[in-house]
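my_file.txt (compact mmCIF, C-alpha atoms) appears below.
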# COMPACT_ATOMS: atom_id res chain seq x y z
CA MET A 1 85.64 108.25 100.98
CA THR A 2 82.13 108.37 102.45
CA ASN A 3 81.31 108.11 106.13
CA LYS A 4 79.95 104.63 105.49
CA ASP A 5 83.19 103.54 103.82
CA LYS A 6 85.21 104.85 106.76
CA PHE A 7 82.82 103.24 109.22
CA LYS A 8 82.95 99.85 107.53
CA ARG A 9 86.71 99.87 107.26
CA ALA A 10 87.10 100.80 110.92
CA PHE A 11 84.57 98.37 112.37
CA SER A 12 85.65 95.51 110.12
CA ALA A 13 88.87 95.39 112.12
CA LEU A 14 86.92 94.17 115.17
CA HIS A 15 86.90 90.39 115.44
CA THR A 16 86.29 87.61 117.88
CA SER A 17 89.50 86.33 119.43
CA ASP A 18 91.50 83.56 117.76
CA SER A 19 90.61 81.21 120.61
CA PHE A 20 86.89 81.78 120.24
CA THR A 21 84.94 78.80 118.95
CA LEU A 22 81.21 78.83 118.65
CA GLU A 23 79.71 75.73 120.20
CA GLN A 24 77.13 74.60 117.71
CA GLU A 25 75.68 71.64 119.54
CA ASP A 26 72.76 72.58 121.72
CA THR A 27 73.65 69.99 124.33
CA THR A 28 77.13 71.36 124.88
CA MET A 29 76.06 74.96 125.39
CA THR A 30 75.34 75.86 128.96
CA LYS A 31 73.15 78.80 129.80
CA LYS A 32 75.00 81.55 131.58
CA ILE A 33 73.95 83.21 134.77
CA ARG A 34 73.34 86.92 135.24
CA PHE A 35 74.10 88.65 138.46
CA HIS A 36 72.32 91.75 139.68
CA LYS A 37 73.69 91.88 143.14
CA THR A 38 75.28 94.52 145.27
CA ALA A 39 75.94 93.21 148.75
CA VAL A 40 79.68 93.69 148.99
CA ALA A 41 81.61 93.31 152.21
CA ALA A 42 83.16 96.53 153.43
CA CYS A 43 86.76 95.54 152.84
CA THR A 44 86.41 92.89 150.19
CA ALA A 45 85.21 93.25 146.63
CA LEU A 46 83.77 90.12 145.11
CA ALA A 47 84.19 89.72 141.40
CA ILE A 48 81.90 87.03 140.13
CA PHE A 49 81.70 86.30 136.48
CA ALA A 50 79.58 84.13 134.27
CA GLY A 51 80.80 81.35 132.09
CA THR A 52 80.09 77.90 130.91
CA ALA A 53 80.02 75.26 133.57
CA THR A 54 81.21 72.73 131.05
CA CYS A 55 84.40 74.64 130.54
CA TYR A 56 85.06 75.10 134.22
CA ALA A 57 84.37 71.49 135.04
CA ALA A 58 87.00 70.48 132.58
CA ASP A 59 89.55 72.96 133.87
CA ALA A 60 89.01 72.71 137.59
CA GLY A 61 91.07 70.17 139.41
CA GLY A 62 90.40 71.11 143.03
CA ILE A 63 88.17 69.67 145.70
CA GLN A 64 84.49 69.75 144.88
CA ARG A 65 81.74 70.45 147.38
CA THR A 66 78.01 70.31 146.94
CA VAL A 67 75.63 72.85 148.44
CA GLN A 68 71.95 73.63 148.04
CA VAL A 69 71.12 77.00 146.49
CA TRP A 70 67.98 78.70 145.25
CA LEU A 71 67.41 78.96 141.52
CA HIS A 72 64.20 80.49 140.23
CA GLY A 73 62.40 79.69 143.46
CA ASP A 74 63.50 76.07 143.70
CA GLN A 75 66.29 74.51 145.72
CA THR A 76 68.88 73.06 143.41
CA THR A 77 72.32 71.59 143.75
CA ALA A 78 75.42 73.69 143.15
CA VAL A 79 78.84 72.10 142.88
CA ILE A 80 81.59 74.42 144.09
CA THR A 81 85.21 73.85 143.12
CA VAL A 82 88.31 75.82 143.95
CA GLY A 83 90.50 75.55 140.90
CA ASP A 84 94.26 75.63 140.53
CA ASP A 85 94.03 79.26 139.46
CA SER A 86 92.60 80.25 142.88
CA VAL A 87 89.26 81.03 141.30
CA THR A 88 86.21 79.46 142.85
CA HIS A 89 83.99 77.90 140.23
CA TYR A 90 80.47 76.69 140.57
CA SER A 91 77.93 74.91 138.49
CA ILE A 92 74.26 74.46 139.21
CA THR A 93 72.60 71.24 138.24
CA ASP A 94 69.04 70.05 138.18
CA LYS A 95 67.74 66.98 140.00
CA ASN A 96 69.04 64.74 137.24
CA GLY A 97 72.51 66.19 137.37
CA LYS A 98 72.15 68.22 134.19
CA GLN A 99 74.12 71.43 134.32
CA LEU A 100 71.95 74.54 134.20
CA GLN A 101 74.23 77.41 134.99
CA GLY A 102 77.83 78.08 135.90
CA GLY A 103 80.28 80.78 136.82
CA GLY A 104 82.98 81.65 139.23
CA GLY A 105 84.66 84.42 141.10
CA VAL A 106 87.44 85.76 143.20
CA ALA A 107 87.61 88.09 146.18
CA ILE A 108 89.88 91.11 146.03
CA ASP A 109 91.09 92.54 149.31
CA GLU A 110 92.07 96.14 150.07
CA ASP A 111 95.60 95.57 148.77
CA GLY A 112 94.30 94.28 145.46
CA LYS A 113 95.31 90.71 146.26
CA GLU A 114 93.01 88.05 144.87
CA ARG A 115 91.87 84.97 146.67
CA ALA A 116 89.34 82.27 145.97
CA LEU A 117 85.84 82.83 147.27
CA THR A 118 84.71 80.72 150.17
CA ASP A 119 81.76 78.35 149.83
CA SER A 120 79.63 80.63 151.98
CA GLU A 121 80.49 83.68 149.85
CA ILE A 122 79.47 81.87 146.68
CA GLN A 123 76.35 80.54 148.33
CA GLU A 124 75.45 83.96 149.71
CA HIS A 125 75.65 85.48 146.26
CA LEU A 126 73.73 82.69 144.62
CA ASP A 127 71.06 83.04 147.28
CA SER A 128 70.77 86.83 147.08
CA PRO A 129 68.01 88.47 144.99
CA SER A 130 68.28 88.24 141.23
CA THR A 131 66.12 88.99 138.23
CA ASP A 132 65.40 87.07 135.09
CA THR A 133 63.02 87.39 132.19
CA ILE A 134 60.77 84.43 131.63
CA GLY A 135 58.11 84.39 128.95
CA GLY A 136 58.67 88.09 128.32
CA LYS A 137 58.02 89.01 131.96
CA LEU A 138 60.61 90.26 134.40
CA TYR A 139 60.69 88.43 137.72
CA LEU A 140 62.51 89.04 140.96
CA PHE A 141 63.75 85.86 142.63
CA TYR A 142 64.80 85.51 146.22
CA LYS A 143 65.11 82.05 147.71
CA ASP A 144 61.63 80.52 147.38
CA GLN A 145 60.02 83.86 146.51
CA LYS A 146 59.13 84.83 142.97
CA THR A 147 57.69 88.30 142.25
CA ASP A 148 56.25 89.34 138.91
CA LEU A 149 57.52 92.90 138.39
CA THR A 150 55.34 93.70 135.36
CA ASP A 151 53.08 96.25 137.07
CA LYS A 152 55.46 97.34 139.80
CA PHE A 153 57.43 100.04 138.01
CA ASP A 154 56.86 103.73 138.72
CA ALA A 155 57.27 106.68 136.34
CA ASP A 156 61.05 106.59 136.88
CA GLY A 157 61.16 102.99 135.72
CA LEU A 158 61.92 101.65 139.19
CA ALA A 159 60.20 98.99 141.27
CA TYR A 160 60.57 99.01 145.05
CA ILE A 161 60.15 95.57 146.58
CA THR A 162 60.41 94.52 150.22
CA LEU A 163 61.62 90.97 150.74
CA LYS A 164 61.26 89.11 154.03
CA ASP A 165 63.34 86.17 155.15
CA GLY A 166 62.61 85.33 158.77
CA ASP A 167 63.66 88.35 160.80
CA LYS A 168 65.65 89.75 157.92
CA THR A 169 64.14 92.46 155.71
CA LEU A 170 65.67 93.37 152.39
CA TYR A 171 64.74 96.54 150.50
CA VAL A 172 65.25 96.00 146.79
CA THR A 173 65.15 98.57 144.00
CA VAL A 174 64.85 97.07 140.54
CA ALA A 175 65.29 98.96 137.27
CA GLU A 176 63.32 98.05 134.16
CA ASN A 177 66.44 96.56 132.58
CA GLY A 178 66.60 93.99 135.37
CA GLY A 179 69.44 95.59 137.29
CA LEU A 180 68.91 95.72 141.02
CA GLN A 181 70.43 96.94 144.23
CA SER A 182 69.41 96.00 147.72
CA SER A 183 69.92 97.15 151.26
CA THR A 184 68.87 95.95 154.70
CA LYS A 185 68.18 99.55 155.79
CA CYS A 186 66.32 101.42 153.04
CA TYR A 187 65.47 101.36 149.36
CA PRO A 188 68.44 102.34 147.16
CA GLN A 189 67.48 105.48 145.28
CA LYS A 190 67.82 106.24 141.58
CA SER A 191 70.95 108.30 142.27
CA ASP A 192 72.55 105.19 143.81
CA LEU A 193 72.11 103.16 140.63
CA PRO A 194 74.44 103.13 137.60
CA GLN A 195 73.40 105.80 135.13
CA GLU A 196 73.86 103.33 132.28
CA TRP A 197 70.77 101.48 133.46
CA PHE A 198 68.66 104.41 132.34
CA GLU A 199 70.21 105.23 128.98
CA MET X 200 62.49 79.28 106.89
CA ARG X 201 65.41 78.25 109.07
CA LEU X 202 69.09 77.91 108.26
CA PRO X 203 71.70 75.71 109.93
CA VAL X 204 73.63 77.42 112.70
CA SER X 205 76.91 76.44 111.03
CA LYS X 206 75.97 78.43 107.94
CA LEU X 207 74.71 81.39 109.94
CA ALA X 208 77.78 81.40 112.15
CA GLU X 209 80.11 81.32 109.19
CA LYS X 210 78.34 84.27 107.65
CA TYR X 211 77.23 86.40 110.59
CA GLN X 212 79.31 85.47 113.62
CA GLU X 213 81.52 88.54 113.27
CA ASN X 214 78.53 90.82 112.61
CA VAL X 215 76.91 89.56 115.79
CA PHE X 216 80.18 90.09 117.66
CA ARG X 217 80.53 93.66 116.38
CA ALA X 218 76.93 94.48 117.23
CA ALA X 219 77.40 93.04 120.72
CA PHE X 220 80.72 94.81 121.19
CA SER X 221 79.14 98.07 120.08
CA VAL X 222 76.79 97.80 123.02
CA SER X 223 78.93 96.15 125.70
CA ARG X 224 82.36 97.56 124.75
CA ASN X 225 83.79 94.41 126.31
CA PRO X 226 85.23 91.72 124.01
CA ASP X 227 84.66 88.87 126.47
CA ASP X 228 81.05 89.85 127.04
CA ALA X 229 80.60 90.22 123.29
CA GLU X 230 81.90 86.69 122.68
CA ASP X 231 79.55 85.35 125.35
CA VAL X 232 76.74 87.16 123.60
CA VAL X 233 77.65 85.53 120.28
CA GLN X 234 77.39 82.16 121.99
CA ASP X 235 74.12 83.05 123.71
CA THR X 236 72.59 84.46 120.53
CA PHE X 237 73.17 81.35 118.46
CA LEU X 238 72.04 79.21 121.38
CA LYS X 239 68.82 81.20 121.51
CA TYR X 240 68.39 80.74 117.78
CA MET X 241 68.70 76.98 118.21
CA GLU X 242 66.37 76.90 121.20
CA SER X 243 63.71 79.15 119.72
CA GLY X 244 62.92 76.97 116.73
CA ARG X 245 60.99 79.87 115.25
CA GLN X 246 60.48 80.30 111.55
CA PHE X 247 61.74 83.34 109.64
CA GLU X 248 60.61 84.99 106.46
CA SER X 249 64.06 85.27 104.90
CA GLU X 250 67.77 85.20 105.61
CA GLU X 251 67.68 88.97 106.10
CA HIS X 252 64.99 88.43 108.70
CA ILE X 253 67.23 85.94 110.51
CA LYS X 254 70.16 88.35 110.41
CA ALA X 255 68.06 91.19 111.81
CA TRP X 256 66.82 88.86 114.58
CA LEU X 257 70.37 87.79 115.42
CA LEU X 258 71.54 91.39 115.66
CA ARG X 259 68.57 92.47 117.76
CA THR X 260 68.97 89.49 120.08
CA ALA X 261 72.70 90.14 120.44
CA MET X 262 72.20 93.81 121.23
CA ASN X 263 69.46 93.12 123.76
CA ARG X 264 71.56 90.44 125.43
CA SER X 265 74.49 92.85 125.53
CA LYS X 266 72.33 95.48 127.20
CA ASP X 267 71.39 92.93 129.85
CA MET X 268 75.04 92.20 130.47
CA VAL X 269 76.09 95.82 130.59
CA HIS X 270 73.28 96.71 132.93
CA SER X 271 73.83 93.85 135.31
CA PHE X 272 75.67 94.88 138.43
CA TRP X 273 78.26 92.16 138.14
CA HIS X 274 79.34 93.23 134.71
CA ARG X 275 82.18 90.94 133.84
CA ASN X 276 85.54 92.33 134.72
CA ARG X 277 87.74 90.48 132.26
CA GLY X 278 89.38 91.96 129.21
CA SER X 279 89.16 95.71 129.16
CA PHE X 280 88.06 97.87 126.27
CA GLU X 281 91.47 99.53 126.07
CA GLU X 282 93.37 96.24 126.05
CA TYR X 283 91.17 94.92 123.30
CA MET X 284 91.48 98.08 121.22
CA ASP X 285 95.27 97.92 121.59
CA SER X 286 95.17 94.41 120.16
CA VAL X 287 93.12 95.32 117.07
CA SER X 288 94.97 95.88 113.82
CA PHE X 289 93.29 98.91 112.33
CA GLU X 290 94.07 99.74 108.73
CA GLU X 291 94.49 103.42 109.50
CA PRO X 292 95.10 105.20 112.81
CA CYS X 293 91.97 107.29 112.26
CA ASP X 294 89.91 104.06 112.20
CA ARG X 295 90.56 103.48 115.87
CA GLU X 296 89.53 107.04 116.64
CA LEU X 297 86.30 106.54 114.75
CA VAL X 298 85.47 103.30 116.58
CA GLU X 299 86.30 104.83 119.96
CA THR X 300 84.27 107.92 119.19
CA VAL X 301 81.24 105.94 118.10
CA LEU X 302 81.48 103.70 121.16
CA SER X 303 81.76 106.75 123.41
CA LEU X 304 78.29 107.90 122.37
CA PRO X 305 75.36 107.09 124.65
CA GLU X 306 73.94 103.66 123.91
CA LYS X 307 70.70 104.95 122.43
CA TYR X 308 72.61 106.87 119.76
CA ARG X 309 75.47 104.52 118.99
CA ILE X 310 73.26 101.51 118.23
CA PRO X 311 71.25 103.21 115.45
CA ILE X 312 74.51 104.73 114.16
CA TYR X 313 76.11 101.28 114.03
CA LEU X 314 73.14 99.71 112.27
CA PHE X 315 72.96 102.52 109.72
CA TYR X 316 76.63 102.91 108.87
CA TYR X 317 77.90 99.36 109.28
CA GLU X 318 74.93 97.14 108.54
CA ASP X 319 73.39 99.45 105.93
CA TYR X 320 69.93 99.37 107.47
CA SER X 321 67.46 102.12 106.60
CA VAL X 322 65.78 104.24 109.26
CA LYS X 323 62.64 102.16 108.86
CA GLU X 324 64.56 98.92 109.28
CA ILE X 325 66.44 100.26 112.31
CA ALA X 326 63.12 101.24 113.86
CA GLY X 327 61.90 97.69 113.25
CA ILE X 328 64.99 96.05 114.74
CA LEU X 329 65.02 98.27 117.82
CA LYS X 330 61.23 98.26 118.11
CA LEU X 331 61.10 102.04 118.11
CA PRO X 332 58.80 104.47 116.29
CA GLU X 333 60.42 105.48 113.01
CA SER X 334 60.52 109.12 114.12
CA THR X 335 62.48 108.15 117.25
CA ALA X 336 64.97 106.09 115.27
CA LYS X 337 65.40 108.98 112.84
CA SER X 338 65.92 111.52 115.59
CA ARG X 339 68.46 109.30 117.39
CA LEU X 340 70.35 108.82 114.17
CA TYR X 341 70.32 112.57 113.59
CA ARG X 342 71.56 113.34 117.10
CA GLY X 343 74.18 110.61 116.93
CA ARG X 344 75.48 111.99 113.64
CA LYS X 345 75.61 115.47 115.10
CA MET X 346 77.62 114.22 118.06
CA LEU X 347 80.04 112.45 115.73
CA LYS X 348 80.42 115.59 113.64
CA ASP X 349 81.06 117.69 116.74
CA ILE X 350 83.83 115.35 117.86
CA LEU X 351 85.38 114.23 114.58
CA LYS X 352 84.91 117.58 112.78
CA GLU X 353 86.50 117.39 109.32
CA ASP X 354 86.94 113.63 109.59
CA TRP X 355 83.17 113.25 109.43
CA THR X 356 81.28 114.71 106.49
CA ASP X 357 77.67 115.88 106.47
CA ASP X 358 75.83 113.05 104.79
CA GLU X 359 72.19 113.34 105.77
Write the structure described by the file as structure tokens, please.
Amino acid sequence: MTNKDKFKRAFSALHTSDSFTLEQEDTTMTKKIRFHKTAVAACTALAIFAGTATCYAADAGGIQRTVQVWLHGDQTTAVITVGDDSVTHYSITDKNGKQLQGGGGVAIDEDGKERALTDSEIQEHLDSPSTDTIGGKLYLFYKDQKTDLTDKFDADGLAYITLKDGDKTLYVTVAENGGLQSSTKCYPQKSDLPQEWFE
Amino acid sequence: MRLPVSKLAEKYQENVFRAAFSVSRNPDDAEDVVQDTFLKYMESGRQFESEEHIKAWLLRTAMNRSKDMVHSFWHRNRGSFEEYMDSVSFEEPCDRELVETVLSLPEKYRIPIYLFYYEDYSVKEIAGILKLPESTAKSRLYRGRKMLKDILKEDWTDDE
């Protein structure tokens, strides 16, 4: 048996799950959000994941609240729902109510106990710096600020950006893959970033 | 040319999943990538030269999207690699070892290895898909093979 035969036999065993169904209608597929955020409270880890807002809207039966968040430099409406599974879900809609992005998350305390995120925790994360690629260019977004990172990277593949928000200053280090970390005190260094970003 | 998503999904959905899983090593992320990849195909509206061209585009898009996911700080924390591997029905026990070994290689080596050994792409085609110089693709394939040989020993033959 050749290496290729062994390889094909082994990898052919990998499949999508039985519950996986590919949505084939453009209108039913909701773009997912990417997070590149690091601000984690000292005693609470926030686990926020991406997903389809359509799915969450159908599942969530809790009380819904509406808040304004920043998305790509514009203020948009986010609907936050705490579901029956104690996971806080959110969806972001445009001015016409069309869903743009969605996700959710939980907070995990020191004892490993999960709880739903508060509105302010969700909003804080949605309003913290993020990156996205638009038209082949990588941008850094923070509230109403949009920075083209194209020519900002040094020889190590890192861009160091200072963001101002009133009296608050945020030092952001962005890797070429779009990953970022930020601090209110100093620029995170390469050694602070996940090694996988540079593979 | 363009083909209906239903036809592409029927034929290539699992290939896209495997390519995505080879990068992300997370089954949930890989399924999200499958969804994203076909969504991007629908949204792009671009024309392709052939079905092979579409397949190569789907695989490249899936792998790039997977890299984005893996590299994002809030990498999804649902469904671990180990749990997924425990759930897979491998034909032979050594198959799991091979998959785990390949997926333990650094990303830049395991992707060319996957494309060569599973998808049957040539070095030139791999270079095209990954947008790398042919010499770089060749050298990564060579180093990846060497790593596999070092780990798998007699279970991996010299086949260059």
Between atom CA of Ile134 of chain A and atom CA of Asp148 of chain A, what is the distance in Å, rounded to a tenth?
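If I compute the distance from atom CA of Ile134 of chain A to atom CA of Asp148 of chain A, I get 9.9 Å.
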Which value, in Å to one decimal, gives the distance between atom CA of Lys345 of chain X and atom CA of Lys266 of chain X?
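Between these atoms lies a distance of 23.6 Å.
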Rounded to one decimal in Å, what is the spacing between atom CA of Lys206 of chain X and atom CA of Asp235 of chain X?
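One can read the atom CA of Lys206 of chain X to atom CA of Asp235 of chain X distance as 16.5 Å.
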Using all atoms listed in the file, which of A:Ser191, A:Ser17, A:Thr2, A:Asn177 sits nearest Tyr283 of chain X?
A:Ser17
Selection: 12 Å around Tyr341 of chain X, only C-alpha atoms, excl. self and same-chain fewer than 2 positions, as a list of chain:residue names
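The neighbour list is X:Lys307, X:Tyr308, X:Arg309, X:Pro311, X:Ile312, X:Phe315, X:Val322, X:Ser334, X:Thr335, X:Ala336, X:Lys337, X:Ser338, X:Arg339, X:Gly343, X:Arg344, X:Lys345, X:Met346, X:Leu347, X:Lys348, X:Asp357, X:Asp358, X:Glu359.
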Distance limit 9 Å, atoms considered: all atoms listed in the file. Which chain X residues sit that close to chain A? Return them as a PyMOL selection string.
chain X and resi 204-205+208+212-214+216-217+220+226-227+229-231+233-235+237-238+241-242+266-277+284+287-291+293-298+305-307+313+315-319+354-358
Take the residues just selected and output them with C-alpha atoms as a PDB file, in the coordinates of the input.
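What follows is the written file result-v1.pdb:
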ATOM      1  CA  VAL X 204      73.630  77.420 112.700  1.00  0.00           C
ATOM      2  CA  SER X 205      76.910  76.440 111.030  1.00  0.00           C
ATOM      3  CA  ALA X 208      77.780  81.400 112.150  1.00  0.00           C
ATOM      4  CA  GLN X 212      79.310  85.470 113.620  1.00  0.00           C
ATOM      5  CA  GLU X 213      81.520  88.540 113.270  1.00  0.00           C
ATOM      6  CA  ASN X 214      78.530  90.820 112.610  1.00  0.00           C
ATOM      7  CA  PHE X 216      80.180  90.090 117.660  1.00  0.00           C
ATOM      8  CA  ARG X 217      80.530  93.660 116.380  1.00  0.00           C
ATOM      9  CA  PHE X 220      80.720  94.810 121.190  1.00  0.00           C
ATOM     10  CA  PRO X 226      85.230  91.720 124.010  1.00  0.00           C
ATOM     11  CA  ASP X 227      84.660  88.870 126.470  1.00  0.00           C
ATOM     12  CA  ALA X 229      80.600  90.220 123.290  1.00  0.00           C
ATOM     13  CA  GLU X 230      81.900  86.690 122.680  1.00  0.00           C
ATOM     14  CA  ASP X 231      79.550  85.350 125.350  1.00  0.00           C
ATOM     15  CA  VAL X 233      77.650  85.530 120.280  1.00  0.00           C
ATOM     16  CA  GLN X 234      77.390  82.160 121.990  1.00  0.00           C
ATOM     17  CA  ASP X 235      74.120  83.050 123.710  1.00  0.00           C
ATOM     18  CA  PHE X 237      73.170  81.350 118.460  1.00  0.00           C
ATOM     19  CA  LEU X 238      72.040  79.210 121.380  1.00  0.00           C
ATOM     20  CA  MET X 241      68.700  76.980 118.210  1.00  0.00           C
ATOM     21  CA  GLU X 242      66.370  76.900 121.200  1.00  0.00           C
ATOM     22  CA  LYS X 266      72.330  95.480 127.200  1.00  0.00           C
ATOM     23  CA  ASP X 267      71.390  92.930 129.850  1.00  0.00           C
ATOM     24  CA  MET X 268      75.040  92.200 130.470  1.00  0.00           C
ATOM     25  CA  VAL X 269      76.090  95.820 130.590  1.00  0.00           C
ATOM     26  CA  HIS X 270      73.280  96.710 132.930  1.00  0.00           C
ATOM     27  CA  SER X 271      73.830  93.850 135.310  1.00  0.00           C
ATOM     28  CA  PHE X 272      75.670  94.880 138.430  1.00  0.00           C
ATOM     29  CA  TRP X 273      78.260  92.160 138.140  1.00  0.00           C
ATOM     30  CA  HIS X 274      79.340  93.230 134.710  1.00  0.00           C
ATOM     31  CA  ARG X 275      82.180  90.940 133.840  1.00  0.00           C
ATOM     32  CA  ASN X 276      85.540  92.330 134.720  1.00  0.00           C
ATOM     33  CA  ARG X 277      87.740  90.480 132.260  1.00  0.00           C
ATOM     34  CA  MET X 284      91.480  98.080 121.220  1.00  0.00           C
ATOM     35  CA  VAL X 287      93.120  95.320 117.070  1.00  0.00           C
ATOM     36  CA  SER X 288      94.970  95.880 113.820  1.00  0.00           C
ATOM     37  CA  PHE X 289      93.290  98.910 112.330  1.00  0.00           C
ATOM     38  CA  GLU X 290      94.070  99.740 108.730  1.00  0.00           C
ATOM     39  CA  GLU X 291      94.490 103.420 109.500  1.00  0.00           C
ATOM     40  CA  CYS X 293      91.970 107.290 112.260  1.00  0.00           C
ATOM     41  CA  ASP X 294      89.910 104.060 112.200  1.00  0.00           C
ATOM     42  CA  ARG X 295      90.560 103.480 115.870  1.00  0.00           C
ATOM     43  CA  GLU X 296      89.530 107.040 116.640  1.00  0.00           C
ATOM     44  CA  LEU X 297      86.300 106.540 114.750  1.00  0.00           C
ATOM     45  CA  VAL X 298      85.470 103.300 116.580  1.00  0.00           C
ATOM     46  CA  PRO X 305      75.360 107.090 124.650  1.00  0.00           C
ATOM     47  CA  GLU X 306      73.940 103.660 123.910  1.00  0.00           C
ATOM     48  CA  LYS X 307      70.700 104.950 122.430  1.00  0.00           C
ATOM     49  CA  TYR X 313      76.110 101.280 114.030  1.00  0.00           C
ATOM     50  CA  PHE X 315      72.960 102.520 109.720  1.00  0.00           C
ATOM     51  CA  TYR X 316      76.630 102.910 108.870  1.00  0.00           C
ATOM     52  CA  TYR X 317      77.900  99.360 109.280  1.00  0.00           C
ATOM     53  CA  GLU X 318      74.930  97.140 108.540  1.00  0.00           C
ATOM     54  CA  ASP X 319      73.390  99.450 105.930  1.00  0.00           C
ATOM     55  CA  ASP X 354      86.940 113.630 109.590  1.00  0.00           C
ATOM     56  CA  TRP X 355      83.170 113.250 109.430  1.00  0.00           C
ATOM     57  CA  THR X 356      81.280 114.710 106.490  1.00  0.00           C
ATOM     58  CA  ASP X 357      77.670 115.880 106.470  1.00  0.00           C
ATOM     59  CA  ASP X 358      75.830 113.050 104.790  1.00  0.00           C
TER      60      ASP X 358
END
If we count all atoms listed in the file, what is near Ala78 of chain A at a cut-off of 8 Å, once residues fewer than 3 positions away on the same chain are taken out, given as a PyMOL selection string?
chain A and resi 66-69+90-93
Edge lengths and centre in Å, axis-aligned, segment 313-324 of chain X plus 6 Å each side, as JSON:
{"center_x": 70.3, "center_y": 100.7, "center_z": 110.0, "size_x": 27.3, "size_y": 19.1, "size_z": 20.1}
